[in-house]
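Below is work-v6.txt, holding compact mmCIF, N, CA and C atoms.
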# COMPACT_ATOMS: atom_id res chain seq x y z
N TYR L 404 -36.31 15.02 -68.58
CA TYR L 404 -36.46 13.96 -67.62
C TYR L 404 -35.30 13.00 -67.73
N ARG L 405 -35.06 12.27 -66.68
CA ARG L 405 -33.95 11.31 -66.64
C ARG L 405 -34.46 9.92 -67.00
N VAL L 406 -33.57 9.18 -67.63
CA VAL L 406 -33.89 7.80 -67.99
C VAL L 406 -32.96 6.88 -67.22
N ASN L 407 -33.54 5.95 -66.48
CA ASN L 407 -32.75 4.96 -65.76
C ASN L 407 -32.99 3.61 -66.42
N TYR L 408 -31.93 3.07 -66.98
CA TYR L 408 -32.01 1.77 -67.64
C TYR L 408 -31.76 0.67 -66.62
N ASP L 409 -32.09 -0.55 -66.98
CA ASP L 409 -31.70 -1.65 -66.10
C ASP L 409 -30.19 -1.85 -66.25
N GLU L 410 -29.61 -2.62 -65.34
CA GLU L 410 -28.15 -2.75 -65.32
C GLU L 410 -27.60 -3.31 -66.63
N GLN L 411 -28.29 -4.25 -67.23
CA GLN L 411 -27.83 -4.84 -68.49
C GLN L 411 -27.74 -3.77 -69.59
N ASN L 412 -28.72 -2.89 -69.67
CA ASN L 412 -28.67 -1.83 -70.68
C ASN L 412 -27.62 -0.78 -70.37
N TRP L 413 -27.43 -0.48 -69.08
CA TRP L 413 -26.33 0.43 -68.73
C TRP L 413 -25.00 -0.16 -69.18
N GLN L 414 -24.82 -1.46 -68.97
CA GLN L 414 -23.58 -2.11 -69.38
C GLN L 414 -23.40 -2.09 -70.90
N LYS L 415 -24.49 -2.22 -71.64
CA LYS L 415 -24.43 -2.12 -73.10
C LYS L 415 -24.01 -0.71 -73.53
N ILE L 416 -24.53 0.29 -72.85
CA ILE L 416 -24.15 1.67 -73.15
C ILE L 416 -22.67 1.89 -72.84
N VAL L 417 -22.22 1.39 -71.70
CA VAL L 417 -20.81 1.51 -71.32
C VAL L 417 -19.94 0.85 -72.39
N ARG L 418 -20.30 -0.35 -72.80
CA ARG L 418 -19.53 -1.08 -73.81
C ARG L 418 -19.48 -0.29 -75.13
N GLN L 419 -20.60 0.27 -75.53
CA GLN L 419 -20.63 1.04 -76.77
C GLN L 419 -19.77 2.29 -76.67
N LEU L 420 -19.82 2.97 -75.55
CA LEU L 420 -18.97 4.15 -75.37
C LEU L 420 -17.49 3.79 -75.45
N LYS L 421 -17.12 2.66 -74.89
CA LYS L 421 -15.72 2.23 -74.93
C LYS L 421 -15.30 1.83 -76.34
N GLU L 422 -16.21 1.18 -77.08
CA GLU L 422 -15.89 0.72 -78.43
C GLU L 422 -15.90 1.87 -79.44
N ASN L 423 -16.93 2.70 -79.40
CA ASN L 423 -17.05 3.81 -80.34
C ASN L 423 -18.03 4.82 -79.76
N HIS L 424 -17.48 5.77 -79.01
CA HIS L 424 -18.36 6.75 -78.35
C HIS L 424 -19.05 7.68 -79.33
N TYR L 425 -18.55 7.75 -80.58
CA TYR L 425 -19.17 8.62 -81.58
C TYR L 425 -20.52 8.09 -82.07
N THR L 426 -20.89 6.89 -81.65
CA THR L 426 -22.23 6.37 -81.94
C THR L 426 -23.28 7.32 -81.36
N PHE L 427 -22.95 7.92 -80.23
CA PHE L 427 -23.82 8.89 -79.57
C PHE L 427 -23.30 10.30 -79.87
N SER L 428 -24.19 11.24 -80.01
CA SER L 428 -23.78 12.64 -80.22
C SER L 428 -23.14 13.16 -78.93
N PRO L 429 -22.37 14.25 -79.02
CA PRO L 429 -21.81 14.83 -77.79
C PRO L 429 -22.88 15.17 -76.76
N THR L 430 -24.02 15.66 -77.21
CA THR L 430 -25.12 15.99 -76.30
C THR L 430 -25.67 14.74 -75.62
N GLU L 431 -25.79 13.66 -76.39
CA GLU L 431 -26.27 12.40 -75.81
C GLU L 431 -25.27 11.84 -74.80
N ARG L 432 -23.98 11.94 -75.12
CA ARG L 432 -22.95 11.46 -74.19
C ARG L 432 -22.99 12.27 -72.90
N ALA L 433 -23.14 13.58 -73.03
CA ALA L 433 -23.23 14.45 -71.86
C ALA L 433 -24.45 14.10 -71.01
N ALA L 434 -25.57 13.85 -71.67
CA ALA L 434 -26.80 13.51 -70.94
C ALA L 434 -26.65 12.18 -70.22
N LEU L 435 -26.02 11.21 -70.85
CA LEU L 435 -25.80 9.91 -70.20
C LEU L 435 -24.95 10.07 -68.94
N ILE L 436 -23.91 10.87 -69.05
CA ILE L 436 -23.04 11.11 -67.89
C ILE L 436 -23.82 11.81 -66.78
N PHE L 437 -24.49 12.89 -67.13
CA PHE L 437 -25.22 13.67 -66.14
C PHE L 437 -26.34 12.85 -65.50
N ASP L 438 -27.08 12.12 -66.32
CA ASP L 438 -28.17 11.29 -65.79
C ASP L 438 -27.65 10.21 -64.86
N SER L 439 -26.58 9.54 -65.26
CA SER L 439 -26.07 8.44 -64.43
C SER L 439 -25.62 8.94 -63.06
N PHE L 440 -24.93 10.07 -63.01
CA PHE L 440 -24.49 10.60 -61.72
C PHE L 440 -25.67 11.14 -60.91
N SER L 441 -26.63 11.75 -61.57
CA SER L 441 -27.82 12.24 -60.87
C SER L 441 -28.60 11.08 -60.27
N LEU L 442 -28.76 10.01 -61.02
CA LEU L 442 -29.46 8.82 -60.52
C LEU L 442 -28.69 8.16 -59.38
N ALA L 443 -27.37 8.14 -59.49
CA ALA L 443 -26.55 7.57 -58.42
C ALA L 443 -26.67 8.41 -57.14
N ARG L 444 -26.69 9.71 -57.32
CA ARG L 444 -26.76 10.60 -56.16
C ARG L 444 -28.03 10.38 -55.34
N ILE L 445 -29.14 10.04 -55.99
CA ILE L 445 -30.39 9.82 -55.26
C ILE L 445 -30.65 8.34 -54.98
N GLY L 446 -29.66 7.50 -55.27
CA GLY L 446 -29.75 6.10 -54.89
C GLY L 446 -30.43 5.17 -55.87
N TYR L 447 -30.70 5.63 -57.08
CA TYR L 447 -31.35 4.78 -58.08
C TYR L 447 -30.37 4.03 -58.97
N LEU L 448 -29.09 4.36 -58.86
CA LEU L 448 -28.06 3.71 -59.66
C LEU L 448 -26.80 3.62 -58.82
N ASP L 449 -26.08 2.54 -58.95
CA ASP L 449 -24.83 2.39 -58.22
C ASP L 449 -23.77 3.31 -58.83
N TYR L 450 -23.00 3.97 -57.97
CA TYR L 450 -21.94 4.85 -58.47
C TYR L 450 -20.93 4.11 -59.34
N SER L 451 -20.77 2.83 -59.12
CA SER L 451 -19.81 2.08 -59.94
C SER L 451 -20.21 2.11 -61.42
N ILE L 452 -21.49 2.11 -61.69
CA ILE L 452 -21.96 2.18 -63.09
C ILE L 452 -21.72 3.57 -63.65
N ALA L 453 -22.03 4.59 -62.87
CA ALA L 453 -21.79 5.97 -63.33
C ALA L 453 -20.31 6.19 -63.62
N LEU L 454 -19.45 5.71 -62.74
CA LEU L 454 -18.01 5.88 -62.96
C LEU L 454 -17.53 5.04 -64.14
N GLU L 455 -18.05 3.84 -64.26
CA GLU L 455 -17.66 3.00 -65.40
C GLU L 455 -18.10 3.64 -66.71
N LEU L 456 -19.24 4.30 -66.71
CA LEU L 456 -19.72 4.97 -67.91
C LEU L 456 -18.75 6.05 -68.36
N THR L 457 -18.04 6.65 -67.43
CA THR L 457 -17.08 7.70 -67.78
C THR L 457 -15.70 7.15 -68.13
N SER L 458 -15.53 5.85 -68.09
CA SER L 458 -14.20 5.29 -68.35
C SER L 458 -13.75 5.48 -69.80
N TYR L 459 -14.65 5.84 -70.69
CA TYR L 459 -14.28 6.10 -72.09
C TYR L 459 -13.69 7.50 -72.26
N LEU L 460 -13.83 8.37 -71.25
CA LEU L 460 -13.47 9.77 -71.40
C LEU L 460 -12.03 10.02 -71.80
N ASN L 461 -11.16 9.06 -71.60
CA ASN L 461 -9.77 9.27 -72.01
C ASN L 461 -9.66 9.42 -73.53
N LYS L 462 -10.74 9.12 -74.27
CA LYS L 462 -10.77 9.31 -75.72
C LYS L 462 -11.65 10.50 -76.13
N GLU L 463 -12.29 11.12 -75.19
CA GLU L 463 -13.25 12.19 -75.49
C GLU L 463 -12.56 13.51 -75.80
N MET L 464 -12.95 14.13 -76.91
CA MET L 464 -12.38 15.42 -77.29
C MET L 464 -13.44 16.52 -77.37
N ASP L 465 -14.69 16.20 -77.17
CA ASP L 465 -15.74 17.21 -77.23
C ASP L 465 -15.94 17.87 -75.86
N TYR L 466 -16.26 19.13 -75.89
CA TYR L 466 -16.41 19.93 -74.68
C TYR L 466 -17.61 19.51 -73.83
N VAL L 467 -18.76 19.29 -74.46
CA VAL L 467 -20.01 19.09 -73.74
C VAL L 467 -19.96 17.88 -72.79
N PRO L 468 -19.48 16.71 -73.22
CA PRO L 468 -19.39 15.59 -72.27
C PRO L 468 -18.44 15.88 -71.09
N TRP L 469 -17.33 16.57 -71.38
CA TRP L 469 -16.41 16.90 -70.29
C TRP L 469 -17.07 17.86 -69.30
N LYS L 470 -17.78 18.83 -69.81
CA LYS L 470 -18.48 19.78 -68.93
C LYS L 470 -19.47 19.03 -68.03
N SER L 471 -20.18 18.08 -68.62
CA SER L 471 -21.13 17.27 -67.87
C SER L 471 -20.41 16.45 -66.79
N PHE L 472 -19.27 15.88 -67.15
CA PHE L 472 -18.49 15.09 -66.19
C PHE L 472 -18.06 15.95 -65.01
N PHE L 473 -17.47 17.11 -65.29
CA PHE L 473 -16.98 17.96 -64.20
C PHE L 473 -18.12 18.47 -63.32
N LYS L 474 -19.24 18.78 -63.94
CA LYS L 474 -20.40 19.22 -63.16
C LYS L 474 -20.93 18.06 -62.31
N SER L 475 -20.89 16.86 -62.86
CA SER L 475 -21.45 15.70 -62.17
C SER L 475 -20.60 15.20 -61.01
N ILE L 476 -19.30 15.32 -61.12
CA ILE L 476 -18.45 14.76 -60.06
C ILE L 476 -18.22 15.71 -58.89
N THR L 477 -18.69 16.92 -59.00
CA THR L 477 -18.50 17.88 -57.91
C THR L 477 -19.06 17.36 -56.60
N TYR L 478 -20.27 16.85 -56.65
CA TYR L 478 -20.90 16.32 -55.43
C TYR L 478 -20.09 15.15 -54.88
N LEU L 479 -19.72 14.22 -55.76
CA LEU L 479 -18.95 13.06 -55.34
C LEU L 479 -17.59 13.47 -54.77
N ASP L 480 -16.97 14.45 -55.38
CA ASP L 480 -15.69 14.96 -54.90
C ASP L 480 -15.84 15.52 -53.49
N ASN L 481 -16.88 16.29 -53.27
CA ASN L 481 -17.12 16.86 -51.93
C ASN L 481 -17.40 15.77 -50.90
N MET L 482 -18.17 14.77 -51.28
CA MET L 482 -18.53 13.71 -50.35
C MET L 482 -17.33 12.82 -50.00
N LEU L 483 -16.43 12.63 -50.95
CA LEU L 483 -15.29 11.73 -50.73
C LEU L 483 -14.06 12.44 -50.19
N SER L 484 -14.08 13.75 -50.15
CA SER L 484 -12.87 14.49 -49.80
C SER L 484 -12.29 14.13 -48.44
N SER L 485 -13.10 13.69 -47.51
CA SER L 485 -12.58 13.30 -46.19
C SER L 485 -12.59 11.78 -46.01
N SER L 486 -12.76 11.06 -47.09
CA SER L 486 -12.84 9.61 -47.05
C SER L 486 -11.48 8.98 -47.34
N SER L 487 -11.30 7.76 -46.89
CA SER L 487 -10.05 7.04 -47.14
C SER L 487 -9.90 6.66 -48.63
N CYS L 488 -10.99 6.66 -49.38
CA CYS L 488 -10.90 6.29 -50.80
C CYS L 488 -10.76 7.52 -51.71
N TYR L 489 -10.59 8.70 -51.13
CA TYR L 489 -10.49 9.92 -51.92
C TYR L 489 -9.29 9.88 -52.88
N GLY L 490 -8.20 9.32 -52.44
CA GLY L 490 -7.02 9.21 -53.30
C GLY L 490 -7.30 8.38 -54.55
N LEU L 491 -8.04 7.30 -54.37
CA LEU L 491 -8.41 6.47 -55.53
C LEU L 491 -9.32 7.23 -56.49
N PHE L 492 -10.24 8.00 -55.93
CA PHE L 492 -11.12 8.82 -56.75
C PHE L 492 -10.31 9.85 -57.54
N GLN L 493 -9.37 10.49 -56.89
CA GLN L 493 -8.53 11.47 -57.57
C GLN L 493 -7.70 10.81 -58.68
N GLU L 494 -7.17 9.64 -58.40
CA GLU L 494 -6.39 8.90 -59.40
C GLU L 494 -7.26 8.57 -60.62
N TYR L 495 -8.49 8.14 -60.37
CA TYR L 495 -9.40 7.81 -61.47
C TYR L 495 -9.64 9.05 -62.34
N CYS L 496 -9.95 10.17 -61.71
CA CYS L 496 -10.21 11.40 -62.46
C CYS L 496 -8.97 11.84 -63.23
N ALA L 497 -7.81 11.77 -62.60
CA ALA L 497 -6.57 12.17 -63.27
C ALA L 497 -6.28 11.26 -64.46
N LYS L 498 -6.56 9.98 -64.31
CA LYS L 498 -6.33 9.04 -65.41
C LYS L 498 -7.22 9.37 -66.60
N GLN L 499 -8.46 9.74 -66.33
CA GLN L 499 -9.38 10.05 -67.42
C GLN L 499 -8.94 11.30 -68.19
N ILE L 500 -8.37 12.25 -67.51
CA ILE L 500 -8.05 13.53 -68.15
C ILE L 500 -6.61 13.61 -68.66
N SER L 501 -5.75 12.67 -68.28
CA SER L 501 -4.34 12.77 -68.63
C SER L 501 -4.07 12.77 -70.14
N ASP L 502 -4.79 11.96 -70.91
CA ASP L 502 -4.59 11.94 -72.36
C ASP L 502 -4.97 13.28 -72.98
N LEU L 503 -6.04 13.86 -72.50
CA LEU L 503 -6.48 15.16 -73.01
C LEU L 503 -5.43 16.22 -72.73
N TYR L 504 -4.90 16.25 -71.52
CA TYR L 504 -3.85 17.21 -71.18
C TYR L 504 -2.61 16.97 -72.03
N SER L 505 -2.27 15.71 -72.29
CA SER L 505 -1.11 15.40 -73.12
C SER L 505 -1.29 15.92 -74.54
N ARG L 506 -2.50 15.78 -75.08
CA ARG L 506 -2.78 16.25 -76.45
C ARG L 506 -2.79 17.76 -76.54
N LEU L 507 -3.37 18.42 -75.55
CA LEU L 507 -3.52 19.87 -75.63
C LEU L 507 -2.34 20.63 -75.07
N GLY L 508 -1.62 20.05 -74.13
CA GLY L 508 -0.50 20.73 -73.51
C GLY L 508 -0.96 21.86 -72.60
N TRP L 509 -0.02 22.63 -72.14
CA TRP L 509 -0.32 23.70 -71.19
C TRP L 509 -0.20 25.08 -71.82
N GLU L 510 0.37 25.17 -73.04
CA GLU L 510 0.54 26.46 -73.70
C GLU L 510 -0.72 26.87 -74.42
N ASP L 511 -1.03 28.14 -74.36
CA ASP L 511 -2.17 28.69 -75.10
C ASP L 511 -1.73 28.88 -76.54
N LYS L 512 -2.29 28.08 -77.44
CA LYS L 512 -1.93 28.16 -78.86
C LYS L 512 -3.01 28.87 -79.66
N GLY L 513 -3.94 29.51 -78.98
CA GLY L 513 -4.89 30.37 -79.65
C GLY L 513 -6.20 29.73 -80.07
N ASN L 514 -6.32 28.42 -80.09
CA ASN L 514 -7.57 27.80 -80.50
C ASN L 514 -8.46 27.65 -79.26
N PHE L 515 -9.25 28.69 -79.01
CA PHE L 515 -10.03 28.75 -77.79
C PHE L 515 -11.00 27.57 -77.64
N MET L 516 -11.75 27.25 -78.68
CA MET L 516 -12.75 26.19 -78.57
C MET L 516 -12.10 24.83 -78.32
N GLU L 517 -10.99 24.56 -78.94
CA GLU L 517 -10.31 23.29 -78.70
C GLU L 517 -9.81 23.21 -77.27
N ARG L 518 -9.24 24.29 -76.79
CA ARG L 518 -8.70 24.32 -75.43
C ARG L 518 -9.82 24.30 -74.39
N LEU L 519 -10.96 24.89 -74.73
CA LEU L 519 -12.10 24.87 -73.81
C LEU L 519 -12.52 23.45 -73.56
Go ahead and express the file in the form of structure tokens.
Amino acid sequence: YRVNYDEQNWQKIVRQLKENHYTFSPTERAALIFDSFSLARIGYLDYSIALELTSYLNKEMDYVPWKSFFKSITYLDNMLSSSSCYGLFQEYCAKQISDLYSRLGWEDKGNFMERL
């Protein structure tokens, strides 16, 4: 089941993720991301909170939260693709993933799980 916190608690979660995301396990981080986007999609949470919750991702190195993020933004990507704000959405996503790409590079160095 999904948990929808009040805005103050969502902001506390966002702040904690930015300060030290390892407070939550990778599975918990993934669930927070997935839940926030699912709740936003049905109108129970503002998308600004869901997107702000993912603002810590530039420090994320675990696979599970990233998988949750990519699965969660598919709907938003499709909905915004013909919108005037699509470029801003793409910039936001690129900003979140740029550090990860910088660390991993584009060459296959054989460590499958790290590259995944």
Rank L:Ile500, L:Tyr450, L:His424, L:Ile416 by their smallest atom-to-atom distance to Phe473 of chain L, using only C-alpha atoms, and report the top residue only.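 Distance minimum relative to Phe473 of chain L lands on L:Ile500.
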From the options L:Met482, L:Ile445, L:Ile436, L:Ile476, which residue's atoms come nearest to Tyr459 of chain L, counting only C-alpha atoms?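 Selected residue with least distance to Tyr459 of chain L: L:Ile436.
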Atom C of Ser487 of chain L to atom N of Arg418 of chain L, distance in Å rounded to a single decimal: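 We find that atom C of Ser487 of chain L and atom N of Arg418 of chain L lie 27.2 Å from each other.
Between atom CA of Asp502 of chain L and atom CA of Ser485 of chain L there is a distance of 27.4 Å.
All protein, DNA and RNA residues at most 6 Å from (-10.5, 13.0, -71.6) are Leu460, Asn461, Lys462, Glu463, Met464, Gln499, Ile500, Ser501, Asp502 and Leu503 of chain L, using only N, CA and C atoms.
The spacing separating atom C of Arg405 of chain L from atom C of Arg444 of chain L amounts to 13.3 Å.
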Hey, which of L:Gln419, L:Pro468, L:Tyr478, L:Gln411 ends up closest to Phe440 of chain L? Count only C-alpha atoms. L:Tyr478
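Remark: for Val467 of chain L, the closest of the candidate residues L:Ala453, L:Val417, L:Ala433, L:Leu507 is L:Ala433 (distances computed over only N, CA and C atoms).
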Between L:Asp438, L:Ser451, L:Val406, L:Ser458, which residue has the minimum interatomic distance to Leu420 of chain L, considering all atoms listed in the file?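 Among L:Asp438, L:Ser451, L:Val406, L:Ser458, it is L:Ser458 that comes nearest to Leu420 of chain L.
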Output as a ChimeraX atom specification all residues of chain L that backbone DSSP marks as helix (DSSP H, G or I). /L:410-426,429-444,450-462,466-483,489-507,515-518
When distances are computed from all atoms listed in the file, which of L:Lys498, L:Thr477, L:Asn407, L:Ser505 shows the smallest separation from Tyr447 of chain L?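 Closest to Tyr447 of chain L of all the choices is L:Asn407.
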Box in all listed atoms of segment 472-475 of chain L, axis-aligned, with 8 Å more on each side; write out centre and edge lengths in Å to one decimal as AutoDock Vina command-line options.
--center_x -19.2 --center_y 17.2 --center_z -64.1 --size_x 20.5 --size_y 20.1 --size_z 22.1
